[in-house]
>>> print(open('upload.cif').read())   # mmCIF, C-alpha atoms and all ligand atoms
data_coords
loop_
_atom_site.group_PDB
_atom_site.id
_atom_site.type_symbol
_atom_site.label_atom_id
_atom_site.label_comp_id
_atom_site.auth_asym_id
_atom_site.auth_seq_id
_atom_site.Cartn_x
_atom_site.Cartn_y
_atom_site.Cartn_z
ATOM 1 C CA MET V 1 17.651 39.913 -6.974
ATOM 2 C CA ILE V 2 18.172 42.074 -3.875
ATOM 3 C CA ALA V 3 16.688 45.569 -4.128
ATOM 4 C CA MET V 4 18.898 48.470 -3.275
ATOM 5 C CA LYS V 5 19.440 48.941 0.474
ATOM 6 C CA MET V 6 17.852 52.141 1.752
ATOM 7 C CA SER V 7 19.711 54.884 3.622
ATOM 8 C CA GLU V 8 19.976 54.789 7.409
ATOM 9 C CA GLU V 9 17.764 57.856 7.696
ATOM 10 C CA LEU V 10 15.020 56.284 5.602
ATOM 11 C CA GLU V 11 15.404 52.991 7.474
ATOM 12 C CA THR V 12 14.822 54.873 10.754
ATOM 13 C CA ALA V 13 11.655 56.441 9.333
ATOM 14 C CA PHE V 14 10.364 53.022 8.215
ATOM 15 C CA VAL V 15 11.201 51.544 11.617
ATOM 16 C CA GLN V 16 9.202 54.329 13.310
ATOM 17 C CA GLN V 17 6.279 53.531 11.037
ATOM 18 C CA ILE V 18 6.466 49.846 11.951
ATOM 19 C CA THR V 19 6.188 50.839 15.623
ATOM 20 C CA ARG V 20 3.213 53.110 14.821
ATOM 21 C CA GLU V 21 1.406 50.203 13.162
ATOM 22 C CA TYR V 22 1.885 48.094 16.296
ATOM 23 C CA GLU V 23 0.684 51.011 18.426
ATOM 24 C CA ALA V 24 -2.441 51.234 16.261
ATOM 25 C CA ALA V 25 -3.007 47.480 16.698
ATOM 26 C CA PHE V 26 -2.755 47.695 20.491
ATOM 27 C CA LEU V 27 -4.882 50.848 20.602
ATOM 28 C CA TYR V 28 -7.641 49.015 18.710
ATOM 29 C CA ARG V 29 -7.307 46.035 21.039
ATOM 30 C CA GLN V 30 -7.819 48.388 23.994
ATOM 31 C CA LEU V 31 -10.827 50.008 22.322
ATOM 32 C CA ALA V 32 -12.250 46.535 21.681
ATOM 33 C CA ALA V 33 -11.975 45.781 25.399
ATOM 34 C CA GLU V 34 -13.684 49.084 26.277
ATOM 35 C CA LEU V 35 -16.621 48.266 23.996
ATOM 36 C CA GLU V 36 -16.827 44.713 25.266
ATOM 37 C CA LEU V 37 -17.258 46.224 28.749
ATOM 38 C CA ARG V 38 -20.186 48.240 27.382
ATOM 39 C CA ASP V 39 -21.850 45.062 26.085
ATOM 40 C CA LEU V 40 -21.223 45.957 22.452
ATOM 41 C CA PRO V 41 -19.522 42.763 21.190
ATOM 42 C CA GLY V 42 -20.082 43.607 17.508
ATOM 43 C CA MET V 43 -18.140 46.856 17.796
ATOM 44 C CA ALA V 44 -15.508 45.059 19.853
ATOM 45 C CA THR V 45 -15.150 42.482 17.073
ATOM 46 C CA TRP V 46 -14.830 45.276 14.509
ATOM 47 C CA PHE V 47 -11.953 46.797 16.499
ATOM 48 C CA ARG V 48 -10.277 43.418 16.970
ATOM 49 C CA ARG V 49 -10.401 42.855 13.209
ATOM 50 C CA HIS V 50 -8.946 46.292 12.701
ATOM 51 C CA ALA V 51 -6.122 45.394 15.097
ATOM 52 C CA GLU V 52 -5.316 42.383 12.895
ATOM 53 C CA ILE V 53 -5.225 44.648 9.847
ATOM 54 C CA GLU V 54 -2.691 46.890 11.592
ATOM 55 C CA LEU V 55 -0.480 43.882 12.352
ATOM 56 C CA GLY V 56 -0.637 43.112 8.627
ATOM 57 C CA HIS V 57 0.499 46.666 7.894
ATOM 58 C CA ALA V 58 3.489 46.199 10.183
ATOM 59 C CA ASP V 59 4.320 42.899 8.442
ATOM 60 C CA ARG V 60 4.180 44.596 5.043
ATOM 61 C CA LEU V 61 6.707 47.218 6.160
ATOM 62 C CA ILE V 62 8.946 44.647 7.826
ATOM 63 C CA LYS V 63 9.004 42.600 4.640
ATOM 64 C CA HIS V 64 9.971 45.641 2.596
ATOM 65 C CA LEU V 65 12.917 46.260 4.920
ATOM 66 C CA THR V 66 14.118 42.674 5.057
ATOM 67 C CA ASP V 67 13.745 42.311 1.270
ATOM 68 C CA ARG V 68 16.150 45.217 0.956
ATOM 69 C CA ARG V 69 18.536 43.880 3.639
ATOM 70 C CA ASN V 70 17.588 46.723 5.978
ATOM 71 C CA HIS V 71 16.944 46.050 9.644
ATOM 72 C CA PRO V 72 13.429 46.270 11.071
ATOM 73 C CA VAL V 73 13.367 46.843 14.831
ATOM 74 C CA ILE V 74 10.148 47.172 16.816
ATOM 75 C CA GLY V 75 10.407 50.209 19.083
ATOM 76 C CA ASP V 76 8.729 51.001 22.398
ATOM 77 C CA ILE V 77 4.970 50.895 22.176
ATOM 78 C CA SER V 78 3.225 53.825 23.838
ATOM 79 C CA LEU V 79 -0.514 54.012 24.259
ATOM 80 C CA PRO V 80 -2.768 56.821 25.488
ATOM 81 C CA SER V 81 -4.855 56.117 28.567
ATOM 82 C CA ILE V 82 -8.458 55.779 27.513
ATOM 83 C CA LYS V 83 -11.548 56.792 29.473
ATOM 84 C CA LEU V 84 -14.650 56.737 27.325
ATOM 85 C CA GLU V 85 -17.667 58.859 28.218
ATOM 86 C CA THR V 86 -19.532 57.867 25.066
ATOM 87 C CA VAL V 87 -19.266 55.106 22.472
ATOM 88 C CA ALA V 88 -18.631 57.707 19.764
ATOM 89 C CA GLU V 89 -15.398 58.663 21.538
ATOM 90 C CA ALA V 90 -13.943 55.236 20.726
ATOM 91 C CA PHE V 91 -14.359 55.913 17.028
ATOM 92 C CA GLN V 92 -13.128 59.498 17.369
ATOM 93 C CA ILE V 93 -9.941 58.170 19.000
ATOM 94 C CA ALA V 94 -9.568 55.735 16.089
ATOM 95 C CA LEU V 95 -10.105 58.475 13.491
ATOM 96 C CA ASP V 96 -7.552 60.755 15.181
ATOM 97 C CA ALA V 97 -5.071 57.859 15.224
ATOM 98 C CA GLU V 98 -5.661 57.131 11.522
ATOM 99 C CA ARG V 99 -5.142 60.803 10.663
ATOM 100 C CA GLU V 100 -1.831 60.781 12.517
ATOM 101 C CA VAL V 101 -0.779 57.660 10.627
ATOM 102 C CA SER V 102 -1.733 59.284 7.312
ATOM 103 C CA GLU V 103 0.414 62.293 8.171
ATOM 104 C CA ALA V 104 3.327 60.015 9.086
ATOM 105 C CA ILE V 105 2.991 58.150 5.783
ATOM 106 C CA ARG V 106 3.061 61.467 3.896
ATOM 107 C CA ALA V 107 6.248 62.415 5.780
ATOM 108 C CA LEU V 108 7.754 59.029 4.855
ATOM 109 C CA CYS V 109 6.805 59.699 1.238
ATOM 110 C CA ARG V 110 8.466 63.131 1.278
ATOM 111 C CA LEU V 111 11.665 61.685 2.727
ATOM 112 C CA ALA V 112 11.792 58.813 0.217
ATOM 113 C CA ASP V 113 11.204 61.287 -2.621
ATOM 114 C CA ALA V 114 13.917 63.633 -1.359
ATOM 115 C CA GLN V 115 16.316 60.689 -1.367
ATOM 116 C CA HIS V 116 15.155 59.485 -4.811
ATOM 117 C CA ASP V 117 14.430 56.128 -3.191
ATOM 118 C CA TYR V 118 12.244 54.790 -5.997
ATOM 119 C CA ASP V 119 12.275 51.226 -4.625
ATOM 120 C CA SER V 120 10.080 52.252 -1.699
ATOM 121 C CA ARG V 121 7.544 53.988 -3.943
ATOM 122 C CA PRO V 122 5.187 50.987 -4.437
ATOM 123 C CA VAL V 123 4.926 50.206 -0.722
ATOM 124 C CA ILE V 124 4.454 53.876 0.207
ATOM 125 C CA ASP V 125 1.832 54.338 -2.520
ATOM 126 C CA TRP V 126 0.011 51.279 -1.173
ATOM 127 C CA PHE V 127 -0.102 52.872 2.289
ATOM 128 C CA ILE V 128 -1.301 56.226 0.926
ATOM 129 C CA THR V 129 -4.229 54.464 -0.763
ATOM 130 C CA GLU V 130 -4.888 52.326 2.320
ATOM 131 C CA GLN V 131 -5.027 55.396 4.579
ATOM 132 C CA ILE V 132 -7.591 57.119 2.353
ATOM 133 C CA GLY V 133 -9.791 54.021 2.709
ATOM 134 C CA GLU V 134 -9.208 53.650 6.441
ATOM 135 C CA GLU V 135 -9.987 57.273 7.246
ATOM 136 C CA ALA V 136 -13.148 57.084 5.138
ATOM 137 C CA THR V 137 -14.291 53.862 6.834
ATOM 138 C CA VAL V 138 -13.680 55.049 10.392
ATOM 139 C CA SER V 139 -15.154 58.461 9.639
ATOM 140 C CA GLU V 140 -18.344 56.887 8.299
ATOM 141 C CA VAL V 141 -18.753 54.654 11.342
ATOM 142 C CA LEU V 142 -18.093 57.641 13.625
ATOM 143 C CA GLY V 143 -20.740 59.624 11.749
ATOM 144 C CA ARG V 144 -23.293 56.853 12.217
ATOM 145 C CA VAL V 145 -22.488 56.319 15.894
ATOM 146 C CA THR V 146 -22.722 60.084 16.448
ATOM 147 C CA LEU V 147 -26.134 60.113 14.732
ATOM 148 C CA VAL V 148 -27.603 57.636 17.216
ATOM 149 C CA ASP V 149 -26.142 59.715 20.062
ATOM 150 C CA ASP V 150 -25.843 56.972 22.696
ATOM 151 C CA ASP V 151 -29.430 55.841 22.095
ATOM 152 C CA GLY V 152 -29.603 52.207 23.220
ATOM 153 C CA SER V 153 -31.570 50.744 20.319
ATOM 154 C CA GLY V 154 -29.526 52.683 17.743
ATOM 155 C CA LEU V 155 -26.295 51.424 19.288
ATOM 156 C CA LEU V 156 -27.560 47.835 19.344
ATOM 157 C CA PHE V 157 -28.495 48.110 15.655
ATOM 158 C CA LEU V 158 -25.034 49.430 14.753
ATOM 159 C CA ASP V 159 -23.396 46.846 16.996
ATOM 160 C CA ALA V 160 -25.107 44.026 15.087
ATOM 161 C CA GLU V 161 -24.117 45.589 11.776
ATOM 162 C CA LEU V 162 -20.460 46.166 12.672
ATOM 163 C CA ALA V 163 -20.110 42.588 13.883
ATOM 164 C CA GLY V 164 -20.160 41.515 10.238
ATOM 165 C CA ASP V 165 -18.335 44.488 8.707
ATOM 166 C CA ASP V 166 -14.807 44.350 7.405
ATOM 167 C CA PRO V 167 -12.961 47.476 8.615
ATOM 168 C CA ASP V 168 -10.667 47.196 5.575
ATOM 169 C CA GLN V 169 -13.430 47.248 2.935
ATOM 170 C CA GLU V 170 -13.149 50.078 0.434
HETATM 171 FE FE1 LIG U 201 -5.085 51.929 10.256
HETATM 172 O O1 LIG U 201 -3.444 52.245 9.440
HETATM 173 FE FE2 LIG U 201 -2.091 51.144 9.438
HETATM 174 O O2 LIG U 201 -1.205 52.117 8.194
#
>>> encode(input="upload.cif", output="structure tokens", more="lines below")
Ligand code: OFO
Amino acid sequence: MIAMKMSEELETAFVQQITREYEAAFLYRQLAAELELRDLPGMATWFRRHAEIELGHADRLIKHLTDRRNHPVIGDISLPSIKLETVAEAFQIALDAEREVSEAIRALCRLADAQHDYDSRPVIDWFITEQIGEEATVSEVLGRVTLVDDDGSGLLFLDAELAGDDPDQE
């Protein structure tokens, strides 16, 4: 059975979200490279894993659109230029990005609700839950990196720990 096709306006909002997920993936790839340059391969691995998770988010949205015979189109990817003074800044950039994504998901939710588009409710609810987990995870890591305050041994300890952490655990 083919679910009901969504409106053009809602399709545009979903398409923008797909692009945001790719932007998040590339942002995390860039942050991984920055941390690799600082000899923190565990943190770099953590960001690379997070980039993979973001690609999965994009795939989830694309599937929702194609299932409903809507048309996913990946838009232009724009990334901020990054110059890190401290390691904590990498995680602050990630937290700010996650907060923006959460706000965008809420806007998507409001639009779908206004259009009584009940078929998109499960996928949007999934993203709302996911964002709560992602913000909490990144915020906790930021808190811990801030605590060690660029102290070498503290950073090396966290680096070893994050090498094995799943950024999507919640
Ligand atoms: Fe890290 O967030 Fe996607 O949605």
>>> residues_near_ligand(input="upload.cif", ligand="ligand LIG 201 (chain U)", cutoff="7 Å", atoms="all atoms listed in the file", output="list in words")
Glu21, Ala24, Glu54, His57, Glu98, Val101, Phe127, Glu130, Gln131 and Glu134 of chain V
>>> axis_aligned_box(input="upload.cif", around="range 94-103 of chain V", padding_each_side="8 Å", output="AutoDock Vina command-line options")
--center_x -4.8 --center_y 59.0 --center_z 11.7 --size_x 26.5 --size_y 22.6 --size_z 24.8
>>> resolve_selection(input="upload.cif", expression="the PyMOL selection byres (((chain V and resi 75-86) around 12) and not hetatm)", output="PyMOL selection string")
chain V and resi 12-35+37-38+58+72-74+87-94+97+142+145-146+148-152+155
>>> atom_distance(input="upload.cif", atom1="CA of Leu162 in chain V", atom2="CA of Ser139 in chain V")
13.7 Å
>>> atom_distance(input="upload.cif", atom1="CA of Glu135 in chain V", atom2="CA of Ser153 in chain V")
26.1 Å
>>> resolve_selection(input="upload.cif", expression="the PyMOL selection byres (((chain V and resi 163) around 8) and not hetatm)", output="list of chain:residue names")
V:Pro41, V:Gly42, V:Met43, V:Ala44, V:Thr45, V:Trp46, V:Asp159, V:Ala160, V:Glu161, V:Leu162, V:Gly164, V:Asp165
>>> resolve_selection(input="upload.cif", expression="the PyMOL selection byres (((chain V and resi 115-126) around 12) and not hetatm)", output="ChimeraX atom specification")
/V:2-11,13-14,17,57-65,67-68,102,104-114,127-133
>>> closest_residue(input="upload.cif", among="V:Gly143, V:Ala51, V:Asn70, V:Glu100", to="Pro167 in chain V", atoms="only C-alpha atoms")
V:Ala51
>>> atom_distance(input="upload.cif", atom1="CA of His50 in chain V", atom2="CA of Arg99 in chain V")
15.1 Å
>>> closest_residue(input="upload.cif", among="V:Asp168, V:Glu103, V:Glu140, V:Asp96", to="Phe47 in chain V", atoms="all atoms listed in the file")
V:Asp168
